[in-house]
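S.K.: Compact mmCIF, C-alpha atoms, file protein00.txt:
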# COMPACT_ATOMS: atom_id res chain seq x y z
CA MET T 294 -39.28 -38.75 -12.22
CA LYS T 295 -38.79 -41.97 -10.31
CA LYS T 296 -35.39 -42.44 -11.92
CA LEU T 297 -34.38 -38.90 -10.96
CA PHE T 298 -35.44 -39.56 -7.35
CA ILE T 299 -33.40 -42.78 -7.25
CA ILE T 300 -30.34 -41.05 -8.69
CA SER T 301 -30.62 -38.21 -6.18
CA PHE T 302 -31.02 -40.62 -3.28
CA LEU T 303 -28.03 -42.69 -4.37
CA LEU T 304 -25.87 -39.60 -4.79
CA LEU T 305 -26.79 -38.42 -1.30
CA ALA T 306 -26.04 -41.84 0.17
CA PHE T 307 -22.72 -41.97 -1.67
CA THR T 308 -21.67 -38.52 -0.49
CA THR T 309 -22.38 -39.44 3.13
CA ILE T 310 -20.48 -42.72 2.88
CA TYR T 311 -17.54 -41.08 1.09
CA ALA T 312 -17.21 -38.35 3.70
CA GLN T 313 -16.95 -41.03 6.38
CA ASP T 314 -14.46 -43.48 4.86
CA ALA T 315 -13.65 -42.30 1.29
CA ASP T 316 -14.82 -45.65 -0.17
CA THR T 317 -15.02 -45.58 -3.98
CA THR T 318 -16.64 -49.00 -4.38
CA LEU T 319 -20.15 -47.56 -4.63
CA LEU T 320 -19.07 -45.16 -7.37
CA ARG T 321 -17.75 -48.00 -9.49
CA LYS T 322 -21.03 -49.91 -9.11
CA LEU T 323 -23.07 -46.87 -10.12
CA VAL T 324 -20.93 -46.47 -13.22
CA GLU T 325 -21.34 -50.17 -14.06
CA LYS T 326 -25.15 -49.89 -13.77
CA GLN T 327 -24.99 -46.77 -15.98
CA VAL T 328 -26.65 -44.68 -13.28
CA LEU T 329 -23.60 -42.36 -13.46
CA THR T 330 -21.11 -41.73 -16.21
CA GLN T 331 -17.41 -42.13 -15.54
CA GLN T 332 -16.98 -38.38 -15.95
CA GLU T 333 -19.62 -37.67 -13.30
CA ALA T 334 -17.93 -40.10 -10.92
CA ASP T 335 -14.53 -38.48 -11.46
CA GLU T 336 -16.00 -35.04 -10.77
CA ILE T 337 -17.42 -36.26 -7.44
CA ILE T 338 -14.03 -37.68 -6.46
CA LEU T 339 -12.22 -34.43 -7.33
CA LYS T 340 -14.84 -32.36 -5.54
CA ASN T 341 -14.65 -34.26 -2.27
CA GLN T 342 -11.06 -35.47 -2.00
CA PRO T 343 -9.30 -32.08 -1.60
CA LYS T 344 -11.57 -31.11 1.31
CA GLU T 345 -10.58 -34.21 3.20
CA VAL T 346 -6.86 -33.78 2.42
CA LYS T 347 -6.94 -30.09 3.32
CA SER T 348 -8.61 -30.87 6.61
CA GLU T 349 -5.90 -33.37 7.52
CA THR T 350 -2.86 -31.41 6.33
CA GLY T 351 -4.11 -28.16 7.84
CA LEU T 352 -3.84 -29.72 11.29
CA ILE T 353 -0.13 -30.58 10.93
CA PRO T 354 1.39 -27.15 11.80
CA GLN T 355 -1.00 -26.78 14.72
CA LYS T 356 -0.16 -30.28 15.99
CA ILE T 357 3.58 -29.46 15.77
CA ARG T 358 3.14 -26.22 17.71
CA GLU T 359 1.10 -27.99 20.37
CA ALA T 360 3.71 -30.74 20.66
CA PHE T 361 6.68 -28.37 21.11
CA ASN T 362 5.11 -25.38 22.89
CA THR T 363 3.44 -25.36 26.29
CA PRO T 364 3.07 -22.69 28.98
CA TYR T 365 6.19 -24.20 30.56
CA LEU T 366 8.32 -24.36 27.40
CA ASN T 367 8.18 -22.28 24.21
CA PHE T 368 10.68 -22.62 21.37
CA GLY T 369 11.51 -19.87 18.87
CA GLY T 370 14.38 -17.97 17.32
CA TYR T 371 15.65 -16.25 14.23
CA ALA T 372 18.39 -16.56 11.61
CA LEU T 373 20.34 -13.91 9.69
CA LEU T 374 22.18 -14.55 6.41
CA MET T 375 24.29 -11.56 5.34
CA TYR T 376 26.13 -10.44 2.20
CA LYS T 377 28.70 -7.62 2.47
CA TYR T 378 30.62 -5.64 -0.12
CA SER T 379 33.37 -3.24 1.03
CA ASP T 380 35.64 -1.26 -1.24
CA VAL T 381 38.39 -1.05 1.41
CA SER T 382 38.47 -4.68 2.58
CA HIS T 383 40.95 -7.23 1.25
CA ILE T 384 37.99 -9.59 0.71
CA LYS T 385 35.48 -7.31 -0.99
CA HIS T 386 32.58 -9.76 -1.35
CA ASP T 387 31.53 -11.91 1.59
CA LEU T 388 28.42 -14.06 2.15
CA ASN T 389 28.00 -15.82 5.49
CA PRO T 390 25.41 -16.95 8.02
CA ARG T 391 25.66 -14.15 10.55
CA LEU T 392 23.88 -15.90 13.40
CA VAL T 393 21.19 -18.44 14.27
CA PHE T 394 19.55 -17.69 17.61
CA ILE T 395 17.42 -20.34 19.30
CA SER T 396 15.30 -19.22 22.24
CA MET T 397 13.46 -21.05 24.99
CA ASN T 398 11.18 -19.43 27.52
CA GLY T 399 8.21 -20.23 29.67
CA LYS T 400 6.48 -19.88 33.01
CA LEU T 401 7.30 -22.26 35.82
CA TYR T 402 4.67 -21.05 38.24
CA ASN T 403 2.25 -18.10 37.97
CA ASN T 404 4.52 -15.03 37.64
CA ILE T 405 7.89 -16.85 37.67
CA GLY T 406 9.49 -17.52 34.29
CA TYR T 407 12.79 -17.95 32.45
CA THR T 408 14.51 -17.20 29.12
CA VAL T 409 17.42 -18.85 27.31
CA LEU T 410 18.92 -17.44 24.09
CA ALA T 411 21.85 -19.12 22.34
CA ASP T 412 23.69 -18.71 19.04
CA PHE T 413 24.46 -21.76 16.89
CA VAL T 414 26.77 -20.10 14.32
CA ASN T 415 29.31 -19.12 16.99
CA PRO T 416 28.06 -21.35 19.83
CA LEU T 417 27.50 -19.20 22.88
CA VAL T 418 24.75 -18.50 25.41
CA HIS T 419 23.74 -14.83 25.06
CA GLU T 420 20.86 -14.69 27.53
CA LEU T 421 20.01 -16.86 30.49
CA TYR T 422 17.85 -15.43 33.24
CA GLY T 423 14.96 -16.05 35.58
CA ILE T 424 12.25 -13.43 35.96
CA TRP T 425 9.68 -12.66 38.61
CA SER T 426 6.82 -10.45 37.32
CA PRO T 427 4.23 -9.75 40.03
CA SER T 428 2.96 -6.71 38.06
CA ASN T 429 3.72 -4.38 35.14
CA ALA T 430 5.17 -1.95 37.66
CA PHE T 431 7.85 -4.36 38.89
CA ASN T 432 9.82 -7.10 37.17
CA LEU T 433 12.94 -8.66 38.65
CA LYS T 434 15.49 -10.45 36.45
CA VAL T 435 18.50 -12.42 37.64
CA GLY T 436 21.06 -13.74 35.17
CA GLN T 437 22.52 -12.72 31.82
CA MET T 438 20.44 -10.09 29.99
CA LYS T 439 20.32 -6.72 28.20
CA VAL T 440 21.72 -3.83 30.25
CA PRO T 441 19.30 -0.87 30.75
CA PHE T 442 21.33 1.66 28.75
CA THR T 443 20.04 3.63 25.69
CA ILE T 444 16.90 2.91 23.68
CA GLU T 445 18.60 1.18 20.75
CA ASN T 446 20.39 -1.28 23.01
CA GLN T 447 17.02 -2.72 24.03
CA PHE T 448 16.12 -3.59 20.42
CA SER T 449 16.42 -7.09 19.02
CA LEU T 450 18.31 -7.29 15.71
CA THR T 451 14.99 -8.38 14.18
CA GLN T 452 13.52 -4.97 15.08
CA LEU T 453 16.46 -2.77 14.10
CA GLU T 454 15.93 -0.52 11.04
CA THR T 455 19.40 -1.25 9.65
CA VAL T 456 21.52 -4.39 9.32
CA TYR T 457 23.99 -3.33 12.02
CA ASN T 458 23.68 -1.29 15.19
CA THR T 459 24.72 2.36 15.10
CA ARG T 460 28.48 2.77 15.58
CA SER T 461 27.97 5.10 18.59
CA ILE T 462 25.84 2.45 20.32
CA SER T 463 28.15 -0.39 19.34
CA SER T 464 31.18 1.50 20.71
CA LEU T 465 29.65 2.59 24.02
CA ALA T 466 27.04 -0.06 24.93
CA SER T 467 29.20 -3.21 25.24
CA MET T 468 28.90 -4.36 21.63
CA ALA T 469 31.57 -5.11 19.04
CA ASP T 470 33.67 -1.93 19.36
CA ASP T 471 33.37 -1.38 23.12
CA VAL T 472 36.43 -1.79 25.36
CA MET T 473 34.52 -4.58 27.12
CA LYS T 474 35.43 -6.70 24.10
CA LEU T 475 39.08 -6.33 25.13
CA GLN T 476 38.21 -8.29 28.30
CA ASN T 477 36.74 -11.41 26.73
CA GLY T 478 37.25 -11.04 22.97
CA ARG T 479 33.49 -11.13 22.25
CA ASN T 480 30.72 -8.97 20.91
CA ASN T 481 28.70 -8.79 24.13
CA GLY T 482 25.57 -7.50 22.39
CA GLY T 483 24.76 -4.95 25.09
CA ARG T 484 24.41 -7.75 27.66
CA ASP T 485 26.01 -8.63 30.99
CA ILE T 486 25.44 -10.80 34.07
CA GLY T 487 23.62 -9.33 37.04
CA ILE T 488 20.31 -8.43 38.63
CA ASN T 489 17.88 -5.91 37.14
CA ALA T 490 14.57 -4.38 38.27
CA SER T 491 12.28 -2.75 35.67
CA GLY T 492 8.69 -1.76 35.08
CA SER T 493 6.12 0.65 33.68
CA LEU T 494 4.26 3.16 35.84
CA ILE T 495 1.19 5.44 35.54
CA ASN T 496 -0.98 4.10 32.76
CA MET T 497 -2.43 6.87 30.58
CA LYS T 498 -5.21 5.10 28.61
CA GLY T 499 -3.21 2.96 26.22
CA TYR T 500 0.35 3.87 27.13
CA ASP T 501 2.58 4.21 30.19
CA LEU T 502 3.86 7.58 31.31
CA LEU T 503 7.11 6.28 32.82
CA GLU T 504 9.40 3.29 32.26
CA TYR T 505 12.43 2.49 34.37
CA GLY T 506 15.26 0.00 34.65
CA ILE T 507 17.96 -0.27 37.31
CA GLY T 508 20.54 -2.96 37.83
CA VAL T 509 23.86 -4.14 39.25
CA PHE T 510 26.08 -6.09 36.85
CA GLN T 511 29.33 -8.00 36.93
CA GLY T 512 30.95 -5.92 34.17
CA SER T 513 32.76 -8.90 32.66
CA GLY T 514 30.59 -9.43 29.56
CA ILE T 515 28.52 -12.41 28.51
CA SER T 516 29.45 -15.94 29.59
CA SER T 517 32.64 -14.63 31.21
CA PRO T 518 33.98 -14.87 34.78
CA GLU T 519 34.50 -11.80 36.95
CA LYS T 520 37.69 -9.84 36.19
CA ASP T 521 37.91 -7.81 39.41
CA ASN T 522 36.11 -7.35 42.72
CA LYS T 523 34.02 -4.40 41.52
CA LYS T 524 30.42 -4.36 40.34
CA ASP T 525 28.88 -2.04 37.74
CA PHE T 526 25.71 0.02 38.02
CA SER T 527 23.26 0.97 35.26
CA ALA T 528 19.93 2.82 35.26
CA GLN T 529 17.47 4.20 32.73
CA VAL T 530 14.34 6.37 32.94
CA ILE T 531 12.05 6.99 29.94
CA LEU T 532 9.04 9.35 29.94
CA GLN T 533 6.14 9.25 27.46
CA PRO T 534 4.10 12.47 27.90
CA ILE T 535 2.04 11.77 24.76
CA LYS T 536 1.43 8.47 23.03
CA GLY T 537 4.26 7.56 20.67
CA PHE T 538 6.73 10.19 21.89
CA ARG T 539 9.34 9.13 24.44
CA PHE T 540 12.46 10.74 25.90
CA GLY T 541 14.78 10.09 28.79
CA GLY T 542 18.28 9.28 29.93
CA SER T 543 20.50 6.46 31.12
CA VAL T 544 23.80 6.06 32.95
CA TYR T 545 26.40 3.34 33.41
CA PHE T 546 29.17 3.44 36.02
CA GLY T 547 31.71 0.65 36.09
CA SER T 548 35.15 -0.61 35.13
CA ALA T 549 36.84 -2.93 32.67
CA THR T 550 40.11 -4.85 32.80
CA TYR T 551 41.97 -4.53 29.50
CA THR T 552 45.06 -3.30 27.70
CA LEU T 553 45.27 -1.56 24.35
CA ASP T 554 48.68 -3.10 23.66
CA GLU T 555 50.20 -5.91 25.75
CA LYS T 556 53.67 -5.04 24.43
CA ILE T 557 53.42 -1.62 26.07
CA ALA T 558 51.51 -2.38 29.28
CA PRO T 559 49.84 -5.38 30.93
CA ALA T 560 46.10 -5.55 31.45
CA ALA T 561 44.78 -3.25 34.15
CA THR T 562 41.39 -2.19 35.53
CA HIS T 563 40.17 1.10 34.06
CA THR T 564 37.09 3.29 34.51
CA ARG T 565 34.24 2.53 32.10
CA ASP T 566 31.52 5.17 32.55
CA ARG T 567 28.71 6.22 30.17
CA TRP T 568 25.88 8.77 29.96
CA ALA T 569 23.13 8.96 27.36
CA LEU T 570 20.16 11.13 26.42
CA SER T 571 17.49 9.56 24.19
CA THR T 572 14.35 10.53 22.31
CA GLU T 573 11.99 8.55 20.09
CA TYR T 574 8.80 9.09 18.11
CA ARG T 575 6.64 6.30 16.67
CA GLY T 576 3.68 7.17 14.43
CA ASN T 577 1.51 5.20 12.03
CA ARG T 578 3.95 5.51 9.12
CA PHE T 579 6.85 7.59 10.45
CA TYR T 580 9.45 6.61 13.05
CA GLY T 581 12.38 8.65 14.37
CA ARG T 582 15.03 8.19 17.05
CA ALA T 583 18.05 10.21 18.22
CA GLU T 584 20.56 9.61 21.02
CA TRP T 585 23.61 11.38 22.43
CA LEU T 586 26.24 9.39 24.31
CA HIS T 587 29.34 10.27 26.29
CA GLY T 588 31.93 7.82 27.59
CA ASN T 589 35.04 7.71 29.74
CA ASP T 590 37.35 4.77 29.20
CA GLY T 591 40.34 5.07 31.53
CA GLY T 592 40.51 8.83 31.06
CA ILE T 593 39.87 8.76 27.30
CA LYS T 594 36.75 10.84 26.61
CA LYS T 595 34.42 9.57 23.87
CA GLU T 596 31.25 10.97 22.33
CA GLY T 597 28.53 9.81 19.95
CA LEU T 598 25.44 11.37 18.40
CA TYR T 599 23.10 9.82 15.86
CA GLY T 600 19.68 10.26 14.33
CA THR T 601 17.63 7.76 12.33
CA VAL T 602 14.29 8.01 10.56
CA LEU T 603 12.07 5.39 8.92
CA TYR T 604 9.01 5.73 6.70
CA ASN T 605 6.56 2.91 5.99
CA VAL T 606 5.86 3.10 2.26
CA VAL T 607 3.53 0.10 2.49
CA PRO T 608 2.69 -0.61 6.16
CA ASN T 609 3.97 -4.00 7.36
CA LYS T 610 5.46 -4.62 3.92
CA VAL T 611 7.98 -2.03 2.69
CA ASN T 612 9.84 0.76 4.48
CA VAL T 613 12.81 3.01 3.77
CA THR T 614 15.28 4.36 6.32
CA CYS T 615 18.26 6.70 6.65
CA LYS T 616 20.70 7.35 9.48
CA VAL T 617 23.51 9.80 10.26
CA ASP T 618 25.94 8.83 13.03
CA TYR T 619 28.82 10.87 14.46
CA TYR T 620 31.36 9.18 16.72
CA ASN T 621 34.53 10.55 18.32
CA LYS T 622 36.67 7.83 19.90
CA ASN T 623 39.10 10.31 21.49
CA LYS T 624 37.98 13.88 22.09
CA ASP T 625 41.54 15.01 22.96
CA THR T 626 42.75 14.18 19.43
CA ASN T 627 39.36 14.49 17.65
CA ALA T 628 39.52 11.03 16.11
CA GLU T 629 36.12 11.26 14.39
CA VAL T 630 33.98 9.44 11.86
CA ILE T 631 30.57 10.16 10.36
CA ASP T 632 28.53 7.26 8.93
CA TYR T 633 25.80 8.02 6.39
CA THR T 634 23.41 5.09 5.88
CA VAL T 635 20.39 4.62 3.61
CA GLY T 636 18.39 1.42 3.37
CA ALA T 637 15.15 -0.41 2.69
CA ASN T 638 13.31 -3.36 4.25
CA TYR T 639 10.91 -5.70 2.48
CA TYR T 640 8.78 -8.05 4.60
CA PHE T 641 7.78 -11.13 2.63
CA PHE T 642 6.23 -12.74 5.73
CA PRO T 643 5.54 -11.38 9.25
CA GLN T 644 8.92 -10.73 10.94
CA CYS T 645 10.75 -12.17 7.92
CA ARG T 646 12.45 -9.64 5.66
CA VAL T 647 15.13 -8.74 3.14
CA GLN T 648 17.29 -5.74 4.11
CA LEU T 649 19.47 -3.60 1.86
CA ASN T 650 21.84 -0.95 3.30
CA TYR T 651 24.49 1.36 1.88
CA THR T 652 26.90 3.13 4.26
CA TYR T 653 29.47 5.79 3.44
CA SER T 654 31.98 6.38 6.25
CA ASP T 655 33.92 9.66 6.38
CA TYR T 656 36.96 9.41 8.70
CA SER T 657 39.08 12.25 10.04
CA CYS T 658 42.85 12.14 9.57
CA GLN T 659 43.27 11.49 13.30
CA TRP T 660 41.21 8.29 13.08
CA GLY T 661 43.70 6.68 10.73
CA ALA T 662 41.36 4.92 8.28
CA ARG T 663 40.31 5.33 4.65
CA ASN T 664 36.84 6.56 3.73
CA SER T 665 34.74 3.59 2.74
CA ASN T 666 31.67 2.48 0.80
CA VAL T 667 29.93 -0.62 2.16
CA VAL T 668 26.82 -2.43 0.92
CA TYR T 669 24.95 -4.89 3.14
CA SER T 670 22.15 -7.25 2.18
CA GLN T 671 20.57 -9.45 4.81
CA LEU T 672 17.94 -12.19 4.81
CA GLN T 673 16.03 -12.56 8.08
CA PHE T 674 13.91 -15.52 9.12
CA LEU T 675 11.97 -15.55 12.37
CA PHE T 676 10.42 -18.78 13.63
Could you write out this structure as C-alpha cells?

M.R.:
Amino acid sequence: MKKLFIISFLLLAFTTIYAQDADTTLLRKLVEKQVLTQQEADEIILKNQPKEVKSETGLIPQKIREAFNTPYLNFGGYALLMYKYSDVSHIKHDLNPRLVFISMNGKLYNNIGYTVLADFVNPLVHELYGIWSPSNAFNLKVGQMKVPFTIENQFSLTQLETVYNTRSISSLASMADDVMKLQNGRNNGGRDIGINASGSLINMKGYDLLEYGIGVFQGSGISSPEKDNKKDFSAQVILQPIKGFRFGGSVYFGSATYTLDEKIAPAATHTRDRWALSTEYRGNRFYGRAEWLHGNDGGIKKEGLYGTVLYNVVPNKVNVTCKVDYYNKNKDTNAEVIDYTVGANYYFFPQCRVQLNYTYSDYSCQWGARNSNVVYSQLQFLF
C-alpha cells in the first residue's frame, strides 16, 4: 500500500513537472529505480507530448491572421484555375490560371473605409474606392467599382453558379463582349470609375423591402482615362415583398468611343444605353434567377433573356445548375444565339470548390459562327 502511494505521488509530481517544462530526466530516474517500466514511461511521453504540440501549433494560424489583419487592414482574395475544351477552337484543350485576385479593405475611422482589388495573372487594378457608410440606408462610394446594373452583375465570380457569366450579361454590362471593350481592350467586369450611392430601406423582420443604387460614371472602363466629355448614369431598384423573392429594374444611359473596323471608319462616340428587368428567388435548397436586357449601341438594337436555376443536393457541399440564355446582337438582322448550360459545383472547403460546366451554343445563320460544344472545369480557392 505504501509503495502504491509512493508511485502515485511520484507520477503526479512527474505529470506536473512535465506539463511545465517537458523534462524527461525524472522519467529516466524512475525507470532506473524500477519504479516504472520503460513501456510505462514511453506511454506517459506519448500521452502528454501531443497535447503540448497541438496547443502550440494550433496557435499558428490565429497568430498569422492577427499579424496580417486589423480593423484598418484586411487581406484576402481568391484564385481560379480553369480547363477548357472546345470542339470549334484551333486549340481544343487549354489549362490556365484564369485569375488571382488579391483584396485589401478596412476602416480608417468609424464609418469610413476603403477597398482595393487587383489581379496578379493579368496585372490590373479592378476595384479601388473609398466608402462612407453612416447607415444601412445610405452608403456612398467614390472610385472604381461595380456599376448598379442587373442582379448578376453584382455577383462575385466566387458566387456565380457557372464558370462564366451569362452571355447576355457579358455583352450588355461592360464585360468581355460589351462595346466598352472596344474602348480600352479589356474585360471591364461590370465596373467603371465614378460615384455611387446605395442602401437598403424598410426592414421587414429579417429582410429589407427595398434596395437601391444610383451613380454617375466616367464610361471609360476600368483603369482607363476619360474618352469624351460626357458622363454616364446608372440606377437600380430592387423590391423584396416576401423573404427570398426579389424583383426590380435597372437602367444605364451613356456613350462609348469605339469603331467596329478602323479600315472603314475612325473611332467615334456612340450611344450606349441599356434597360433591364430582373427577378430572383432564393430558398433553402432551390435558387432561380431570370433577367431581360435591351441595349442600344450607336443605333444597333440588342436584346438578351436568360433563366438559371440551381438545386442544392447536399447543402453547402454539392449543387447542380442549368441555364438557358438567348442573345440577339442585332435585332435588325436577327443575329441570334442560344446557350444551353448544365453544371455542378462541389465544395471541398467553405468557399472553395470544383466546378464542371457543359455548354451547347446554337447560332443563327446571321450570327456567322458554328454551333459549338464547350466543357469547362474550374478550381476555386478563396483565402

S.K.: Compare T:Tyr422, T:Tyr633, T:Phe579, T:Phe540 by their minimum atom-to-atom distance to Val613 (chain T), counting all atoms listed in the file, and give me the closest one.

M.R.: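 So, comparing all the options, the nearest one is T:Phe579.
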
S.K.: Residues near Asn577 (chain T), anyone? I mean within 12 Å using all atoms listed in the file, not counting same-chain ones fewer than 2 positions away, as a list in words.

M.R.: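 So, after excluding close chain neighbours, the residues are Lys536, Gly537, Tyr574, Arg575, Phe579, Tyr580, Gly581, Leu603, Tyr604, Asn605, Val606, Val607, Pro608 and Asn609 of chain T.
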
S.K.: Take every atom of region 572-575 of chain T listed in the file, pad by 4 Å on each side, and give me the axis-aligned box centre and edge lengths in Å, one decimal, as AutoDock Vina command-line options.

M.R.:
--center_x 10.5 --center_y 8.4 --center_z 19.5 --size_x 15.7 --size_y 12.2 --size_z 13.6

S.K.: Any chance you could tabulate, as JSON lines, the residues of region 451-507 of chain T at most 12 Å from region 512-522 of chain T with each one's nearest atom pair and distance in Å to one decimal, using all atoms listed in the file, in chain and rising number order?

M.R.:
{"residue": "T:Ala466", "atom": "CA", "partner": "T:Gly514", "partner_atom": "CA", "distance": 11.0}
{"residue": "T:Ser467", "atom": "CA", "partner": "T:Gly514", "partner_atom": "CA", "distance": 7.7}
{"residue": "T:Met468", "atom": "CA", "partner": "T:Gly514", "partner_atom": "CA", "distance": 9.6}
{"residue": "T:Ala469", "atom": "CA", "partner": "T:Gly514", "partner_atom": "CA", "distance": 11.4}
{"residue": "T:Asp471", "atom": "CA", "partner": "T:Gly514", "partner_atom": "CA", "distance": 10.7}
{"residue": "T:Val472", "atom": "CA", "partner": "T:Gly514", "partner_atom": "CA", "distance": 10.5}
{"residue": "T:Met473", "atom": "CA", "partner": "T:Gly514", "partner_atom": "CA", "distance": 6.7}
{"residue": "T:Lys474", "atom": "CA", "partner": "T:Gly514", "partner_atom": "CA", "distance": 7.8}
{"residue": "T:Leu475", "atom": "CA", "partner": "T:Gly514", "partner_atom": "CA", "distance": 10.1}
{"residue": "T:Gln476", "atom": "CA", "partner": "T:Ser513", "partner_atom": "CA", "distance": 7.0}
{"residue": "T:Asn477", "atom": "CA", "partner": "T:Ser517", "partner_atom": "CA", "distance": 6.9}
{"residue": "T:Gly478", "atom": "CA", "partner": "T:Gly514", "partner_atom": "CA", "distance": 9.5}
{"residue": "T:Arg479", "atom": "CA", "partner": "T:Gly514", "partner_atom": "CA", "distance": 8.0}
{"residue": "T:Asn480", "atom": "CA", "partner": "T:Ile515", "partner_atom": "CA", "distance": 8.6}
{"residue": "T:Asn481", "atom": "CA", "partner": "T:Ile515", "partner_atom": "CA", "distance": 5.7}
{"residue": "T:Gly482", "atom": "CA", "partner": "T:Ile515", "partner_atom": "CA", "distance": 8.4}
{"residue": "T:Gly483", "atom": "CA", "partner": "T:Gly514", "partner_atom": "CA", "distance": 8.6}
{"residue": "T:Arg484", "atom": "CA", "partner": "T:Ile515", "partner_atom": "CA", "distance": 6.3}
{"residue": "T:Asp485", "atom": "CA", "partner": "T:Gly514", "partner_atom": "CA", "distance": 4.9}
{"residue": "T:Ile486", "atom": "CA", "partner": "T:Ile515", "partner_atom": "CA", "distance": 6.6}
{"residue": "T:Gly487", "atom": "CA", "partner": "T:Gly512", "partner_atom": "CA", "distance": 8.6}
{"residue": "T:Ile488", "atom": "CA", "partner": "T:Gly512", "partner_atom": "CA", "distance": 11.8}

S.K.: Need to verify the contact set: Met397 (chain T), 7 Å, all atoms listed in the file, exclusion of same-chain residues closer than 3 positions in sequence. Can you return it as a ChimeraX atom specification?

M.R.: /T:366-369,408-410

S.K.: If we count all atoms listed in the file, what is near region 654-658 of chain T at a cut-off of 6 Å, once residues fewer than 4 positions away on the same chain are taken out, given as a list in words?

M.R.: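 Skipping anything fewer than 4 positions along the chain leaves Glu629, Val630, Ile631, Asp632, Asn664 and Ser665 of chain T.
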
S.K.: So the first atom is CA of Lys622 (chain T) and the second is CA of Phe546 (chain T); what is the distance between them in Å, to one decimal place?

M.R.: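 Here the two named atoms are 18.3 Å from each other.
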
S.K.: Rounded to one decimal place, report the CA of Ala662 (chain T)-CA of Asn589 (chain T) distance in Å.

M.R.: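 Straight-line distance from CA of Ala662 (chain T) to CA of Asn589 (chain T) works out to 22.5 Å.
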
S.K.: Using all atoms listed in the file, collect all residues at a distance of at most 8 Å from (37.7, 1.4, 29.8) as written in the file, then present them as JSON, numbers by chain.

M.R.: {"T": [472, 473, 548, 549, 550, 551, 562, 563, 564, 565, 566, 589, 590, 591]}

S.K.: Take the selection from the previous step and output its residues with C-alpha atoms, as a short mmCIF file (atom, residue, chain, number, x, y, z; two decimals), keeping the file's coordinate frame.

M.R.:
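The resulting file, out-v7.cif, is reproduced below:
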data_model
loop_
_atom_site.label_atom_id
_atom_site.label_comp_id
_atom_site.auth_asym_id
_atom_site.auth_seq_id
_atom_site.Cartn_x
_atom_site.Cartn_y
_atom_site.Cartn_z
CA VAL T 472 36.43 -1.79 25.36
CA MET T 473 34.52 -4.58 27.12
CA SER T 548 35.15 -0.61 35.13
CA ALA T 549 36.84 -2.93 32.67
CA THR T 550 40.11 -4.85 32.80
CA TYR T 551 41.97 -4.53 29.50
CA THR T 562 41.39 -2.19 35.53
CA HIS T 563 40.17 1.10 34.06
CA THR T 564 37.09 3.29 34.51
CA ARG T 565 34.24 2.53 32.10
CA ASP T 566 31.52 5.17 32.55
CA ASN T 589 35.04 7.71 29.74
CA ASP T 590 37.35 4.77 29.20
CA GLY T 591 40.34 5.07 31.53
#

S.K.: Go through T:Asp380, T:Glu420, T:Glu504, T:Glu573 and flag the residue nearest Ser396 (chain T), using all atoms listed in the file for the distances.

M.R.: T:Glu420

S.K.: Compile the contact shell of Ser571 (chain T) as a list of chain:residue names: residues with an atom at most 6 Å away, counting only C-alpha atoms, same-chain residues fewer than 2 positions apart removed.

M.R.: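 The contact residues come out as T:Phe540, T:Gly541, T:Gly542, T:Glu584.
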
S.K.: Go through T:Tyr500, T:Phe526, T:Tyr640, T:Tyr371 one by one, measure the shortest atom-to-atom distance of each to Arg539 (chain T) using only C-alpha atoms, and give the residue with the smallest value.

M.R.: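 Closest residue, counting only C-alpha atoms: T:Tyr500.
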
S.K.: To one decimal place, how far is CA of Gly661 (chain T) from CA of Gly597 (chain T) in Å?

M.R.: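 Between these atoms lies a distance of 18.0 Å.
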
S.K.: When you count all atoms listed in the file, which of these residues is closest to Asn612 (chain T): T:Val440, T:Thr455, T:Leu570, T:Ala558?

M.R.: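 Between T:Val440, T:Thr455, T:Leu570, T:Ala558, the residue approaching Asn612 (chain T) most closely is T:Thr455.
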
S.K.: So that I can check the surroundings of Gly406 (chain T), please list as a short mmCIF file (atom, residue, chain, number, x, y, z; two decimals) with C-alpha atoms, in the coordinates of the input every protein, DNA and RNA residue that reaches within 10 Å of it, counting only C-alpha atoms and ignoring chain neighbours fewer than 6 positions away.

M.R.:
data_model
loop_
_atom_site.label_atom_id
_atom_site.label_comp_id
_atom_site.auth_asym_id
_atom_site.auth_seq_id
_atom_site.Cartn_x
_atom_site.Cartn_y
_atom_site.Cartn_z
CA PRO T 364 3.07 -22.69 28.98
CA TYR T 365 6.19 -24.20 30.56
CA LEU T 366 8.32 -24.36 27.40
CA ASN T 398 11.18 -19.43 27.52
CA GLY T 399 8.21 -20.23 29.67
CA LYS T 400 6.48 -19.88 33.01
CA TYR T 422 17.85 -15.43 33.24
CA GLY T 423 14.96 -16.05 35.58
CA ILE T 424 12.25 -13.43 35.96
CA TRP T 425 9.68 -12.66 38.61
CA SER T 426 6.82 -10.45 37.32
CA LYS T 434 15.49 -10.45 36.45
#

S.K.: Just checking: using all atoms listed in the file, which residue out of T:Val544, T:Leu586, T:Ala528, T:Leu672 ends up closest to Tyr599 (chain T)?

M.R.: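 Answer, going by the shortest atom-to-atom distance: T:Leu586.
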